[in-house]
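*Asks:* What follows is upload35.pdb; its format and atoms are PDB, C-alpha atoms, pLDDT in the B column.
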ATOM      1  CA  MET H 775     102.646-156.694  -9.741  1.00 67.00           C
ATOM      2  CA  THR H 776     104.457-156.779 -13.044  1.00 84.00           C
ATOM      3  CA  PHE H 777     103.772-154.571 -16.070  1.00 81.00           C
ATOM      4  CA  GLU H 778     101.734-157.341 -17.734  1.00 83.00           C
ATOM      5  CA  VAL H 779      99.389-157.735 -14.754  1.00 87.00           C
ATOM      6  CA  ILE H 780      98.758-153.993 -14.363  1.00 88.00           C
ATOM      7  CA  GLY H 781      98.292-153.656 -18.129  1.00 87.00           C
ATOM      8  CA  THR H 782      95.801-156.518 -18.256  1.00 88.00           C
ATOM      9  CA  TYR H 783      93.749-154.965 -15.446  1.00 90.00           C
ATOM     10  CA  ALA H 784      93.861-151.594 -17.275  1.00 90.00           C
ATOM     11  CA  VAL H 785      92.583-153.234 -20.485  1.00 90.00           C
ATOM     12  CA  GLY H 786      89.728-154.882 -18.583  1.00 91.00           C
ATOM     13  CA  LEU H 787      88.805-151.628 -16.831  1.00 92.00           C
ATOM     14  CA  CYS H 788      88.783-149.698 -20.136  1.00 92.00           C
ATOM     15  CA  LEU H 789      86.563-152.380 -21.680  1.00 92.00           C
ATOM     16  CA  LEU H 790      84.113-152.209 -18.756  1.00 93.00           C
ATOM     17  CA  ILE H 791      83.942-148.389 -18.972  1.00 93.00           C
ATOM     18  CA  GLY H 792      83.523-148.453 -22.756  1.00 93.00           C
ATOM     19  CA  GLY H 793      80.828-151.124 -22.741  1.00 93.00           C
ATOM     20  CA  ALA H 794      78.917-149.390 -19.935  1.00 93.00           C
ATOM     21  CA  PHE H 795      78.990-146.013 -21.712  1.00 93.00           C
ATOM     22  CA  ALA H 796      77.887-147.564 -25.028  1.00 92.00           C
ATOM     23  CA  LEU H 797      74.978-149.293 -23.271  1.00 93.00           C
ATOM     24  CA  ILE H 798      73.897-146.223 -21.252  1.00 93.00           C
ATOM     25  CA  GLY H 799      74.120-143.874 -24.242  1.00 92.00           C
ATOM     26  CA  THR H 800      71.962-146.137 -26.360  1.00 92.00           C
ATOM     27  CA  ILE H 801      69.420-146.581 -23.559  1.00 93.00           C
ATOM     28  CA  GLY H 802      69.212-142.768 -23.602  1.00 91.00           C
ATOM     29  CA  LEU H 803      68.677-142.834 -27.372  1.00 90.00           C
ATOM     30  CA  LEU H 804      65.811-145.276 -26.887  1.00 90.00           C
ATOM     31  CA  LYS H 805      64.134-143.799 -23.784  1.00 90.00           C
ATOM     32  CA  PHE H 806      64.241-139.994 -24.147  1.00 89.00           C
ATOM     33  CA  ASN H 807      61.070-138.434 -25.510  1.00 86.00           C
ATOM     34  CA  ASP H 808      62.179-135.461 -27.617  1.00 86.00           C
ATOM     35  CA  SER H 809      64.312-135.309 -30.777  1.00 85.00           C
ATOM     36  CA  MET H 810      66.826-132.791 -29.455  1.00 87.00           C
ATOM     37  CA  THR H 811      67.085-134.615 -26.090  1.00 87.00           C
ATOM     38  CA  ARG H 812      67.701-137.881 -27.915  1.00 88.00           C
ATOM     39  CA  LEU H 813      70.543-136.188 -29.789  1.00 88.00           C
ATOM     40  CA  HIS H 814      72.642-135.681 -26.650  1.00 88.00           C
ATOM     41  CA  ALA H 815      72.781-139.268 -25.348  1.00 88.00           C
ATOM     42  CA  PRO H 816      74.567-141.111 -28.220  1.00 88.00           C
ATOM     43  CA  THR H 817      77.390-138.561 -28.353  1.00 88.00           C
ATOM     44  CA  LYS H 818      78.786-140.319 -25.278  1.00 87.00           C
ATOM     45  CA  VAL H 819      78.832-143.583 -27.229  1.00 89.00           C
ATOM     46  CA  GLY H 820      80.985-141.944 -29.893  1.00 86.00           C
ATOM     47  CA  THR H 821      83.504-140.364 -27.547  1.00 89.00           C
ATOM     48  CA  ILE H 822      83.918-142.191 -24.218  1.00 91.00           C
ATOM     49  CA  GLY H 823      82.383-145.526 -25.258  1.00 91.00           C
ATOM     50  CA  VAL H 824      84.377-146.249 -28.405  1.00 91.00           C
ATOM     51  CA  GLY H 825      87.307-144.129 -27.128  1.00 92.00           C
ATOM     52  CA  ALA H 826      87.773-146.381 -24.080  1.00 93.00           C
ATOM     53  CA  ILE H 827      87.545-149.527 -26.213  1.00 92.00           C
ATOM     54  CA  LEU H 828      90.179-148.171 -28.635  1.00 92.00           C
ATOM     55  CA  LEU H 829      92.375-147.248 -25.647  1.00 91.00           C
ATOM     56  CA  ALA H 830      91.957-150.823 -24.356  1.00 91.00           C
ATOM     57  CA  SER H 831      93.111-152.088 -27.750  1.00 90.00           C
ATOM     58  CA  VAL H 832      96.217-149.846 -27.643  1.00 90.00           C
ATOM     59  CA  ILE H 833      97.138-150.952 -24.097  1.00 90.00           C
ATOM     60  CA  ASN H 834      96.509-154.601 -25.026  1.00 88.00           C
ATOM     61  CA  SER H 835      98.915-154.367 -27.975  1.00 88.00           C
ATOM     62  CA  PHE H 836     101.618-153.012 -25.641  1.00 88.00           C
ATOM     63  CA  VAL H 837     100.946-155.737 -23.047  1.00 86.00           C
ATOM     64  CA  SER H 838     101.118-158.514 -25.639  1.00 83.00           C
ATOM     65  CA  GLY H 839     104.496-157.316 -26.947  1.00 78.00           C
ATOM     66  CA  GLU H 840     104.077-155.685 -30.360  1.00 80.00           C
ATOM     67  CA  GLY H 841     103.073-152.135 -29.370  1.00 78.00           C
ATOM     68  CA  SER H 842     101.102-150.084 -31.901  1.00 81.00           C
ATOM     69  CA  MET H 843      99.393-146.694 -31.745  1.00 84.00           C
ATOM     70  CA  HIS H 844      97.197-147.222 -34.860  1.00 83.00           C
ATOM     71  CA  GLU H 845      93.965-146.967 -32.937  1.00 85.00           C
ATOM     72  CA  LEU H 846      94.726-143.390 -31.881  1.00 89.00           C
ATOM     73  CA  LEU H 847      94.141-142.463 -35.542  1.00 89.00           C
ATOM     74  CA  ILE H 848      90.570-143.828 -35.431  1.00 89.00           C
ATOM     75  CA  MET H 849      90.029-142.130 -32.044  1.00 90.00           C
ATOM     76  CA  ALA H 850      91.178-138.750 -33.398  1.00 91.00           C
ATOM     77  CA  PHE H 851      88.974-139.148 -36.479  1.00 91.00           C
ATOM     78  CA  LEU H 852      85.901-140.019 -34.392  1.00 90.00           C
ATOM     79  CA  PHE H 853      86.517-137.136 -31.954  1.00 91.00           C
ATOM     80  CA  VAL H 854      86.838-134.659 -34.838  1.00 92.00           C
ATOM     81  CA  THR H 855      83.793-135.825 -36.787  1.00 91.00           C
ATOM     82  CA  ALA H 856      81.330-136.433 -33.908  1.00 90.00           C
ATOM     83  CA  PRO H 857      80.473-132.704 -33.320  1.00 90.00           C
ATOM     84  CA  ILE H 858      80.095-132.104 -37.070  1.00 92.00           C
ATOM     85  CA  SER H 859      77.584-134.892 -37.571  1.00 91.00           C
ATOM     86  CA  ALA H 860      75.730-133.898 -34.366  1.00 91.00           C
ATOM     87  CA  ASN H 861      75.492-130.323 -35.681  1.00 92.00           C
ATOM     88  CA  PHE H 862      74.097-131.609 -38.994  1.00 91.00           C
ATOM     89  CA  ILE H 863      71.487-133.774 -37.229  1.00 91.00           C
ATOM     90  CA  ALA H 864      70.465-130.795 -35.050  1.00 90.00           C
ATOM     91  CA  LYS H 865      70.021-128.723 -38.215  1.00 88.00           C
ATOM     92  CA  VAL H 866      67.829-131.496 -39.662  1.00 88.00           C
ATOM     93  CA  ASN H 867      65.693-131.405 -36.492  1.00 88.00           C
ATOM     94  CA  ILE H 868      65.299-127.615 -36.738  1.00 86.00           C
ATOM     95  CA  HIS H 869      64.558-127.835 -40.452  1.00 84.00           C
ATOM     96  CA  LYS H 870      61.899-130.505 -39.878  1.00 80.00           C
ATOM     97  CA  ARG H 871      60.470-128.474 -36.917  1.00 76.00           C
ATOM     98  CA  ALA H 872      60.879-131.535 -34.671  1.00 72.00           C
ATOM     99  CA  CYS H 873      61.836-129.165 -31.812  1.00 74.00           C
ATOM    100  CA  ASP H 874      61.030-125.642 -30.607  1.00 76.00           C
ATOM    101  CA  THR H 875      61.864-123.111 -33.304  1.00 76.00           C
ATOM    102  CA  PRO H 876      64.733-120.816 -32.258  1.00 74.00           C
ATOM    103  CA  PRO H 877      63.832-117.131 -31.615  1.00 77.00           C
ATOM    104  CA  SER H 878      63.870-115.011 -34.771  1.00 78.00           C
ATOM    105  CA  PRO H 879      67.253-113.544 -35.743  1.00 76.00           C
ATOM    106  CA  PRO H 880      68.057-109.829 -35.102  1.00 79.00           C
ATOM    107  CA  ARG H 881      68.731-108.844 -38.739  1.00 79.00           C
ATOM    108  CA  ASP H 882      67.184-111.112 -41.422  1.00 73.00           C
ATOM    109  CA  ASP H 883      63.606-112.461 -41.667  1.00 75.00           C
ATOM    110  CA  THR H 884      64.397-116.089 -40.825  1.00 75.00           C
ATOM    111  CA  TRP H 885      67.203-118.568 -40.073  1.00 76.00           C
ATOM    112  CA  SER H 886      68.758-120.043 -43.209  1.00 75.00           C
ATOM    113  CA  THR H 887      68.055-123.572 -41.918  1.00 75.00           C
ATOM    114  CA  LEU H 888      64.319-122.763 -41.942  1.00 76.00           C
ATOM    115  CA  ALA H 889      64.305-120.680 -45.130  1.00 73.00           C
ATOM    116  CA  VAL H 890      62.513-122.030 -48.206  1.00 71.00           C
ATOM    117  CA  PRO H 891      64.072-120.958 -51.537  1.00 69.00           C
ATOM    118  CA  GLU H 892      62.034-118.615 -53.808  1.00 70.00           C
ATOM    119  CA  ALA H 893      61.467-121.371 -56.398  1.00 70.00           C
ATOM    120  CA  ASP H 894      59.956-123.771 -53.834  1.00 71.00           C
ATOM    121  CA  ARG H 895      57.566-121.357 -52.045  1.00 72.00           C
ATOM    122  CA  SER H 896      54.421-122.565 -53.854  1.00 72.00           C
ATOM    123  CA  LEU H 897      55.323-126.216 -53.185  1.00 71.00           C
ATOM    124  CA  ALA H 898      55.888-125.459 -49.474  1.00 68.00           C
ATOM    125  CA  ASP H 899      52.514-123.673 -49.278  1.00 70.00           C
ATOM    126  CA  GLN H 900      50.791-126.689 -50.844  1.00 71.00           C
ATOM    127  CA  ASN H 901      52.470-128.985 -48.319  1.00 67.00           C
ATOM    128  CA  ALA H 902      51.422-126.706 -45.452  1.00 64.00           C
ATOM    129  CA  LYS H 903      47.770-126.864 -46.581  1.00 60.00           C
ATOM    130  CA  VAL H 904      47.816-130.669 -46.858  1.00 54.00           C
TER
ATOM    131  CA  MET N1130      94.638-168.842 -15.638  1.00 57.00           C
ATOM    132  CA  SER N1131      95.665-165.993 -13.374  1.00 82.00           C
ATOM    133  CA  ALA N1132      93.247-163.522 -11.813  1.00 82.00           C
ATOM    134  CA  ALA N1133      94.175-160.786 -14.306  1.00 80.00           C
ATOM    135  CA  SER N1134      93.410-162.832 -17.421  1.00 83.00           C
ATOM    136  CA  ASP N1135      90.162-164.064 -15.834  1.00 87.00           C
ATOM    137  CA  PHE N1136      89.160-160.437 -15.290  1.00 88.00           C
ATOM    138  CA  LEU N1137      90.111-159.587 -18.892  1.00 87.00           C
ATOM    139  CA  SER N1138      88.041-162.407 -20.385  1.00 89.00           C
ATOM    140  CA  ILE N1139      85.016-161.407 -18.274  1.00 91.00           C
ATOM    141  CA  ALA N1140      85.466-157.770 -19.355  1.00 91.00           C
ATOM    142  CA  ILE N1141      85.646-158.775 -23.034  1.00 92.00           C
ATOM    143  CA  ILE N1142      82.421-160.795 -22.722  1.00 93.00           C
ATOM    144  CA  PHE N1143      80.703-157.896 -20.900  1.00 93.00           C
ATOM    145  CA  ALA N1144      81.779-155.415 -23.581  1.00 92.00           C
ATOM    146  CA  PHE N1145      80.577-157.718 -26.383  1.00 93.00           C
ATOM    147  CA  VAL N1146      77.169-158.143 -24.727  1.00 95.00           C
ATOM    148  CA  ALA N1147      76.833-154.417 -23.933  1.00 94.00           C
ATOM    149  CA  ILE N1148      77.669-153.265 -27.456  1.00 93.00           C
ATOM    150  CA  ALA N1149      75.466-155.924 -29.054  1.00 94.00           C
ATOM    151  CA  LEU N1150      72.555-154.769 -26.854  1.00 94.00           C
ATOM    152  CA  ALA N1151      73.336-151.159 -27.788  1.00 93.00           C
ATOM    153  CA  GLN N1152      73.265-152.120 -31.476  1.00 93.00           C
ATOM    154  CA  VAL N1153      69.851-153.794 -31.063  1.00 94.00           C
ATOM    155  CA  MET N1154      68.417-150.807 -29.154  1.00 93.00           C
ATOM    156  CA  SER N1155      69.588-148.292 -31.748  1.00 92.00           C
ATOM    157  CA  MET N1156      68.026-150.518 -34.411  1.00 93.00           C
ATOM    158  CA  ILE N1157      64.708-150.288 -32.508  1.00 93.00           C
ATOM    159  CA  ARG N1158      65.034-146.482 -32.556  1.00 92.00           C
ATOM    160  CA  LEU N1159      65.810-146.694 -36.295  1.00 92.00           C
ATOM    161  CA  VAL N1160      62.567-148.605 -36.896  1.00 93.00           C
ATOM    162  CA  ILE N1161      60.203-146.604 -34.644  1.00 90.00           C
ATOM    163  CA  GLY N1162      61.485-143.182 -35.724  1.00 77.00           C
ATOM    164  CA  PRO N1163      59.421-140.990 -35.387  1.00 85.00           C
ATOM    165  CA  THR N1164      61.225-138.143 -37.203  1.00 87.00           C
ATOM    166  CA  VAL N1165      63.870-138.422 -39.908  1.00 89.00           C
ATOM    167  CA  GLY N1166      66.467-136.821 -37.589  1.00 88.00           C
ATOM    168  CA  ASP N1167      66.057-139.699 -35.133  1.00 90.00           C
ATOM    169  CA  ARG N1168      66.593-142.234 -37.914  1.00 92.00           C
ATOM    170  CA  ILE N1169      69.815-140.520 -39.074  1.00 92.00           C
ATOM    171  CA  LEU N1170      71.002-140.388 -35.458  1.00 92.00           C
ATOM    172  CA  ALA N1171      70.226-144.084 -34.954  1.00 92.00           C
ATOM    173  CA  LEU N1172      72.193-144.997 -38.104  1.00 93.00           C
ATOM    174  CA  ASP N1173      75.134-142.897 -36.887  1.00 92.00           C
ATOM    175  CA  THR N1174      75.043-144.655 -33.504  1.00 93.00           C
ATOM    176  CA  MET N1175      74.916-148.049 -35.240  1.00 93.00           C
ATOM    177  CA  VAL N1176      78.050-147.195 -37.237  1.00 93.00           C
ATOM    178  CA  VAL N1177      79.878-146.151 -34.055  1.00 93.00           C
ATOM    179  CA  ASN N1178      78.775-149.360 -32.306  1.00 93.00           C
ATOM    180  CA  ALA N1179      79.936-151.414 -35.298  1.00 94.00           C
ATOM    181  CA  ILE N1180      83.382-149.795 -34.974  1.00 93.00           C
ATOM    182  CA  GLY N1181      83.418-150.808 -31.301  1.00 92.00           C
ATOM    183  CA  LEU N1182      82.394-154.390 -32.137  1.00 93.00           C
ATOM    184  CA  ILE N1183      85.137-154.787 -34.767  1.00 93.00           C
ATOM    185  CA  VAL N1184      87.807-153.375 -32.424  1.00 92.00           C
ATOM    186  CA  LEU N1185      86.605-155.805 -29.737  1.00 92.00           C
ATOM    187  CA  LEU N1186      86.809-158.703 -32.206  1.00 93.00           C
ATOM    188  CA  GLY N1187      90.406-157.785 -33.003  1.00 90.00           C
ATOM    189  CA  LEU N1188      91.182-157.512 -29.278  1.00 89.00           C
ATOM    190  CA  ALA N1189      89.581-160.875 -28.484  1.00 89.00           C
ATOM    191  CA  GLN N1190      91.440-162.633 -31.317  1.00 89.00           C
ATOM    192  CA  GLY N1191      94.710-160.809 -30.579  1.00 83.00           C
ATOM    193  CA  THR N1192      95.253-159.623 -34.158  1.00 83.00           C
ATOM    194  CA  GLN N1193      95.894-156.238 -35.784  1.00 83.00           C
ATOM    195  CA  ILE N1194      94.278-157.026 -39.160  1.00 87.00           C
ATOM    196  CA  TYR N1195      90.958-155.324 -38.398  1.00 88.00           C
ATOM    197  CA  PHE N1196      92.527-151.862 -38.130  1.00 87.00           C
ATOM    198  CA  GLU N1197      91.976-150.844 -41.779  1.00 89.00           C
ATOM    199  CA  VAL N1198      88.383-152.127 -41.693  1.00 91.00           C
ATOM    200  CA  THR N1199      87.667-149.957 -38.668  1.00 91.00           C
ATOM    201  CA  LEU N1200      89.209-146.866 -40.235  1.00 91.00           C
ATOM    202  CA  ILE N1201      87.233-147.273 -43.469  1.00 92.00           C
ATOM    203  CA  ILE N1202      83.954-147.826 -41.594  1.00 92.00           C
ATOM    204  CA  ALA N1203      84.610-144.715 -39.483  1.00 91.00           C
ATOM    205  CA  MET N1204      85.144-142.578 -42.600  1.00 92.00           C
ATOM    206  CA  LEU N1205      82.169-144.049 -44.481  1.00 93.00           C
ATOM    207  CA  GLY N1206      79.914-143.576 -41.445  1.00 92.00           C
ATOM    208  CA  PHE N1207      80.742-139.889 -41.161  1.00 92.00           C
ATOM    209  CA  VAL N1208      80.321-139.273 -44.897  1.00 93.00           C
ATOM    210  CA  SER N1209      76.993-141.117 -45.006  1.00 93.00           C
ATOM    211  CA  THR N1210      75.624-139.195 -42.000  1.00 92.00           C
ATOM    212  CA  VAL N1211      76.549-135.873 -43.604  1.00 92.00           C
ATOM    213  CA  ALA N1212      75.075-137.015 -46.935  1.00 92.00           C
ATOM    214  CA  TYR N1213      71.738-137.986 -45.335  1.00 91.00           C
ATOM    215  CA  ALA N1214      71.568-134.703 -43.413  1.00 90.00           C
ATOM    216  CA  ARG N1215      72.420-132.622 -46.477  1.00 89.00           C
ATOM    217  CA  PHE N1216      69.826-134.467 -48.528  1.00 89.00           C
ATOM    218  CA  ILE N1217      67.145-133.563 -45.983  1.00 86.00           C
ATOM    219  CA  LEU N1218      68.382-129.966 -45.585  1.00 83.00           C
ATOM    220  CA  ARG N1219      69.006-129.056 -49.245  1.00 79.00           C
ATOM    221  CA  GLY N1220      67.131-131.689 -51.291  1.00 76.00           C
ATOM    222  CA  ASP N1221      70.419-132.608 -52.960  1.00 75.00           C
ATOM    223  CA  ILE N1222      73.803-133.931 -51.829  1.00 74.00           C
ATOM    224  CA  ILE N1223      76.208-132.209 -54.253  1.00 75.00           C
ATOM    225  CA  GLU N1224      74.795-128.970 -55.651  1.00 70.00           C
TER
END
Take the structure in the file and write it out as structure tokens.
*Replies:*
Amino acid sequence: MTFEVIGTYAVGLCLLIGGAFALIGTIGLLKFNDSMTRLHAPTKVGTIGVGAILLASVINSFVSGEGSMHELLIMAFLFVTAPISANFIAKVNIHKRACDTPPSPPRDDTWSTLAVPEADRSLADQNAKV
Amino acid sequence: MSAASDFLSIAIIFAFVAIALAQVMSMIRLVIGPTVGDRILALDTMVVNAIGLIVLLGLAQGTQIYFEVTLIIAMLGFVSTVAYARFILRGDIIE
């Protein structure tokens, strides 16, 4: 068992894990029946799925001779931005009332995500009637 | 062909098929909705899957030239997701 053989098996294993996680996460996106539940499945695609494929690419570059760690940059960027975009999509769901409204806050009247500005109150009332 | 490179070529084909299927399924979710949050989420998943497909293409061809493409798509995907979400939340992207 030389380094090349072990490395090639590691690349193949990472690719299998990454492909399987991408597939399973997207099946979750398609099959779950609630907006907030659907939000949790594709986060695995962004972290383990693409992360394992990028790791496979790094290992493959070392096996084939010219080693490079470039892909770690993409991995770090994806890992940092995935929670931020998930938080934004959750706020969109709350704003659109696609899920249960959170319990009312202890101090103010309403959550800022649900608040309608003073200038738009009449428009929001019209929309509520229609 | 040794056993290791056979295994690697099978794994590459499996990963291509799995990510292509994932791309198609997230496109179905993009079309059927039903809420705008689901559509933004489906677009975000499609960007992440596209990153995976491009990395796989570079791995299958044995080149490094797709690295910059992947990095730019990752940045654009994040910015576009945040822009869509802010447009729904605030009615404007840059206030």
*Asks:* If you take all atoms listed in the file and a cut-off of 6 Å, which residues of chain H touch chain N, and what are their nearest atom pairs and distances in Å to one decimal, in chain and number order, as JSON lines?
*Replies:*
{"residue": "H:Tyr783", "atom": "CA", "partner": "N:Ala1133", "partner_atom": "CA", "distance": 5.9}
{"residue": "H:Gly786", "atom": "CA", "partner": "N:Leu1137", "partner_atom": "CA", "distance": 4.7}
{"residue": "H:Leu789", "atom": "CA", "partner": "N:Ala1140", "partner_atom": "CA", "distance": 6.0}
{"residue": "H:Leu790", "atom": "CA", "partner": "N:Ala1140", "partner_atom": "CA", "distance": 5.8}
{"residue": "H:Gly793", "atom": "CA", "partner": "N:Ala1144", "partner_atom": "CA", "distance": 4.5}
{"residue": "H:Leu797", "atom": "CA", "partner": "N:Ala1151", "partner_atom": "CA", "distance": 5.2}
{"residue": "H:Thr800", "atom": "CA", "partner": "N:Ala1151", "partner_atom": "CA", "distance": 5.4}
{"residue": "H:Leu804", "atom": "CA", "partner": "N:Arg1158", "partner_atom": "CA", "distance": 5.8}
{"residue": "H:Val824", "atom": "CA", "partner": "N:Gly1181", "partner_atom": "CA", "distance": 5.5}
{"residue": "H:Ser831", "atom": "CA", "partner": "N:Leu1188", "partner_atom": "CA", "distance": 6.0}
{"residue": "H:Ile848", "atom": "CA", "partner": "N:Leu1200", "partner_atom": "CA", "distance": 5.8}
{"residue": "H:Phe862", "atom": "CA", "partner": "N:Ala1214", "partner_atom": "CA", "distance": 6.0}
{"residue": "H:Ile863", "atom": "CA", "partner": "N:Gly1166", "partner_atom": "CA", "distance": 5.9}
{"residue": "H:Val866", "atom": "CA", "partner": "N:Gly1166", "partner_atom": "CA", "distance": 5.9}
{"residue": "H:Asn867", "atom": "CA", "partner": "N:Gly1166", "partner_atom": "CA", "distance": 5.6}
*Asks:* Given the file shown, enumerate the residues that the PyMOL selection byres ((chain H and resi 836) around 12) captures and present them as a list in words.
*Replies:*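 Selected by the PyMOL selection byres ((chain H and resi 836) around 12) here: Phe777, Glu778, Ile780, Gly781, Thr782, Ala784, Val785, Leu829, Ala830, Ser831, Val832, Ile833, Asn834, Ser835, Val837, Ser838, Gly839, Glu840, Gly841, Ser842, Met843 and His844 of chain H; Leu1188 and Gly1191 of chain N.
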*Asks:* Could you tell me how far CA of His869 (chain H) sits from CA of Lys818 (chain H), in Å to one decimal place?
*Replies:*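 Straight-line distance from CA of Lys818 (chain H) to CA of His869 (chain H) works out to 24.3 Å.
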*Asks:* Compare H:Val779, H:Met810, H:Cys873, H:Ile822 by their minimum atom-to-atom distance to Ala856 (chain H), counting all atoms listed in the file, and give me the closest one.
*Replies:*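 Among the listed residues, H:Ile822 lies closest to Ala856 (chain H).
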*Asks:* So how many Å separate CA of Ala826 (chain H) and CA of Ser809 (chain H), to one decimal?
*Replies:*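 For CA of Ala826 (chain H) relative to CA of Ser809 (chain H), the distance reads 26.8 Å.
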